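Engineer: My questions all concern the structure below.
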Amino acid sequence: MADELKKLSGTVQNIEGAKGVEGLNYEDLCIQPYVEMPEGYKPLKFEMFDGTCDPKVHMRIYCDKLVGVGKNEQIRMKLLMRSLTGDALSWYINQNPKKWVTWVSIASNFMDRFRFNIENAPDVLYIQNLKKKRTETFHEYATRWRSGAAKLRPVIEE
């Protein structure tokens, strides 16, 4: 019985000790930890960004969805994570939340990280050479072709 009590006491001490581990407190992990949502606020369903689409389009859709709370910069920052998934969410989680003190700082980091999606938009030659794969139906091919064509970079004449 005494051994069990010692073991239990040690477990409690370890748990209590973990509360003070730097970087694992709520305040360390959360962006805007002291921001409370307005009374009656209902969580929004956001379009999810996985890191493969146009980040500016995502930010516009995200901000448009924040009607009623979006003017509050801190709430805007706090809710961004709820619109991310996959690689984008992994990127977000691996950031130091203390570096984001304004909406512009978080939005700039986001755009810098995912700008690759915009810069690598297909060109006309890519679309012209897009062929139907043996394993896909014509409908799947047409959908893939239309999706690529919608992302075409405009030709800049000099």
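Naming scheme: A, B, ... for chains in displayed order of the structure tokens; residues 1 onward per chain; ligands 1 onward as shown.
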Could you name the residues that touch Ile93 of chain A at 9 Å or less, counting only C-alpha atoms, but leaving out those on the same chain fewer than 4 positions away, as a PyMOL selection string?

Structural biologist: chain A and resi 29+81+88-89+97

Engineer: Can I get the selected residues back with C-alpha atoms, as an mmCIF file, in the first residue's frame?

Structural biologist:
data_model
loop_
_atom_site.group_PDB
_atom_site.id
_atom_site.type_symbol
_atom_site.label_atom_id
_atom_site.label_comp_id
_atom_site.auth_asym_id
_atom_site.auth_seq_id
_atom_site.Cartn_x
_atom_site.Cartn_y
_atom_site.Cartn_z
ATOM 1 C CA LEU A 29 0.645 27.580 -27.324
ATOM 2 C CA MET A 81 -6.210 27.811 -37.374
ATOM 3 C CA ALA A 88 -1.029 24.075 -43.820
ATOM 4 C CA LEU A 89 -2.121 23.107 -40.311
ATOM 5 C CA PRO A 97 2.717 32.046 -31.882
#

Engineer: Just asking: which residues within segment 78-140 of chain A are alpha helix (DSSP H) according to DSSP, as a PyMOL selection string?

Structural biologist: chain A and resi 78-79+86-93+103-114+116-119+124-128+138-140

Engineer: Let's have the selection written as a tab-separated table (two decimals), in the first residue's frame, with N, CA and C atoms.

Structural biologist:
chain	number	residue	atom	x	y	z
A	78	LYS	N	-7.05	34.44	-33.98
A	78	LYS	CA	-7.34	33.25	-33.18
A	78	LYS	C	-8.06	32.18	-34.00
A	79	LEU	N	-8.93	32.58	-34.92
A	79	LEU	CA	-9.73	31.62	-35.66
A	79	LEU	C	-9.06	31.06	-36.91
A	86	GLY	N	-4.18	19.57	-42.99
A	86	GLY	CA	-3.03	18.97	-43.67
A	86	GLY	C	-1.73	19.71	-43.45
A	87	ASP	N	-0.99	19.92	-44.54
A	87	ASP	CA	0.32	20.58	-44.46
A	87	ASP	C	0.21	22.01	-43.95
A	88	ALA	N	-0.85	22.69	-44.29
A	88	ALA	CA	-1.03	24.07	-43.82
A	88	ALA	C	-1.19	24.11	-42.31
A	89	LEU	N	-1.94	23.18	-41.76
A	89	LEU	CA	-2.12	23.11	-40.31
A	89	LEU	C	-0.81	22.73	-39.64
A	90	SER	N	-0.07	21.80	-40.22
A	90	SER	CA	1.24	21.43	-39.66
A	90	SER	C	2.17	22.62	-39.64
A	91	TRP	N	2.19	23.40	-40.73
A	91	TRP	CA	3.04	24.60	-40.77
A	91	TRP	C	2.65	25.55	-39.64
A	92	TYR	N	1.37	25.80	-39.51
A	92	TYR	CA	0.85	26.73	-38.50
A	92	TYR	C	1.24	26.29	-37.09
A	93	ILE	N	1.05	25.02	-36.81
A	93	ILE	CA	1.32	24.50	-35.47
A	93	ILE	C	2.80	24.58	-35.12
A	103	TRP	N	-2.47	40.99	-37.22
A	103	TRP	CA	-3.05	40.21	-38.31
A	103	TRP	C	-2.12	40.25	-39.53
A	104	VAL	N	-1.55	41.41	-39.80
A	104	VAL	CA	-0.67	41.54	-40.96
A	104	VAL	C	0.54	40.61	-40.83
A	105	SER	N	1.06	40.43	-39.61
A	105	SER	CA	2.22	39.55	-39.45
A	105	SER	C	1.86	38.10	-39.75
A	106	ILE	N	0.73	37.64	-39.27
A	106	ILE	CA	0.33	36.25	-39.52
A	106	ILE	C	-0.06	36.06	-40.99
A	107	ALA	N	-0.77	37.02	-41.56
A	107	ALA	CA	-1.18	36.93	-42.96
A	107	ALA	C	0.04	36.97	-43.89
A	108	SER	N	1.02	37.79	-43.57
A	108	SER	CA	2.25	37.87	-44.37
A	108	SER	C	3.02	36.56	-44.33
A	109	ASN	N	3.17	35.99	-43.13
A	109	ASN	CA	3.85	34.70	-43.01
A	109	ASN	C	3.11	33.63	-43.80
A	110	PHE	N	1.80	33.63	-43.71
A	110	PHE	CA	0.97	32.67	-44.42
A	110	PHE	C	1.19	32.80	-45.93
A	111	MET	N	1.11	34.03	-46.43
A	111	MET	CA	1.29	34.26	-47.87
A	111	MET	C	2.70	33.87	-48.32
A	112	ASP	N	3.71	34.22	-47.52
A	112	ASP	CA	5.09	33.86	-47.88
A	112	ASP	C	5.26	32.35	-47.96
A	113	ARG	N	4.67	31.65	-47.02
A	113	ARG	CA	4.83	30.19	-46.97
A	113	ARG	C	4.14	29.50	-48.15
A	114	PHE	N	2.97	29.99	-48.56
A	114	PHE	CA	2.19	29.30	-49.59
A	114	PHE	C	2.16	30.02	-50.93
A	116	PHE	N	4.21	29.81	-53.16
A	116	PHE	CA	4.63	28.80	-54.12
A	116	PHE	C	3.46	28.34	-54.99
A	117	ASN	N	2.29	28.23	-54.41
A	117	ASN	CA	1.12	27.76	-55.15
A	117	ASN	C	0.72	28.72	-56.26
A	118	ILE	N	0.97	30.00	-56.06
A	118	ILE	CA	0.63	31.01	-57.06
A	118	ILE	C	1.72	31.07	-58.12
A	119	GLU	N	2.98	31.04	-57.67
A	119	GLU	CA	4.11	31.18	-58.58
A	119	GLU	C	4.25	29.98	-59.51
A	124	VAL	N	0.36	27.90	-70.57
A	124	VAL	CA	-0.41	27.40	-71.71
A	124	VAL	C	0.19	26.09	-72.23
A	125	LEU	N	1.50	25.99	-72.30
A	125	LEU	CA	2.16	24.79	-72.79
A	125	LEU	C	1.79	23.57	-71.93
A	126	TYR	N	1.73	23.75	-70.64
A	126	TYR	CA	1.35	22.66	-69.74
A	126	TYR	C	-0.07	22.17	-70.07
A	127	ILE	N	-0.99	23.10	-70.24
A	127	ILE	CA	-2.39	22.74	-70.53
A	127	ILE	C	-2.48	22.06	-71.91
A	128	GLN	N	-1.73	22.57	-72.89
A	128	GLN	CA	-1.76	21.98	-74.22
A	128	GLN	C	-1.26	20.54	-74.21
A	138	PHE	N	-13.01	9.91	-69.02
A	138	PHE	CA	-12.95	11.18	-69.76
A	138	PHE	C	-13.43	12.32	-68.87
A	139	HIS	N	-14.45	12.06	-68.06
A	139	HIS	CA	-14.98	13.10	-67.16
A	139	HIS	C	-13.90	13.55	-66.17
A	140	GLU	N	-13.13	12.61	-65.61
A	140	GLU	CA	-12.05	12.95	-64.68
A	140	GLU	C	-10.97	13.76	-65.38

Engineer: When you count only C-alpha atoms, which of these residues is closest to Glu39 of chain A: A:Met59, A:Leu24, A:Met77, A:Val69?

Structural biologist: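 Looking at the shortest contact to Glu39 of chain A, the residue is A:Val69.
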
Engineer: Quick one: of A:Asn129, A:Thr137, A:Thr85, A:Asn72, who's nearest to Phe49 of chain A, counting only C-alpha atoms?

Structural biologist: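 Ranking A:Asn129, A:Thr137, A:Thr85, A:Asn72 by distance to Phe49 of chain A, first place goes to A:Thr85.
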
Engineer: Excluding segment 65-67 of chain A and any residue of its chain fewer than 5 positions from it, enumerate the residues within 10 Å of it, using only C-alpha atoms, and give them as JSON, numbers by chain.

Structural biologist: {"A": [44, 45, 46, 47, 59, 60, 72, 75, 76, 79]}

Engineer: What is the atom CA of Ile61 of chain A to atom CA of Leu84 of chain A distance in Å?

Structural biologist: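 One can read the atom CA of Ile61 of chain A to atom CA of Leu84 of chain A distance as 12.4 Å.
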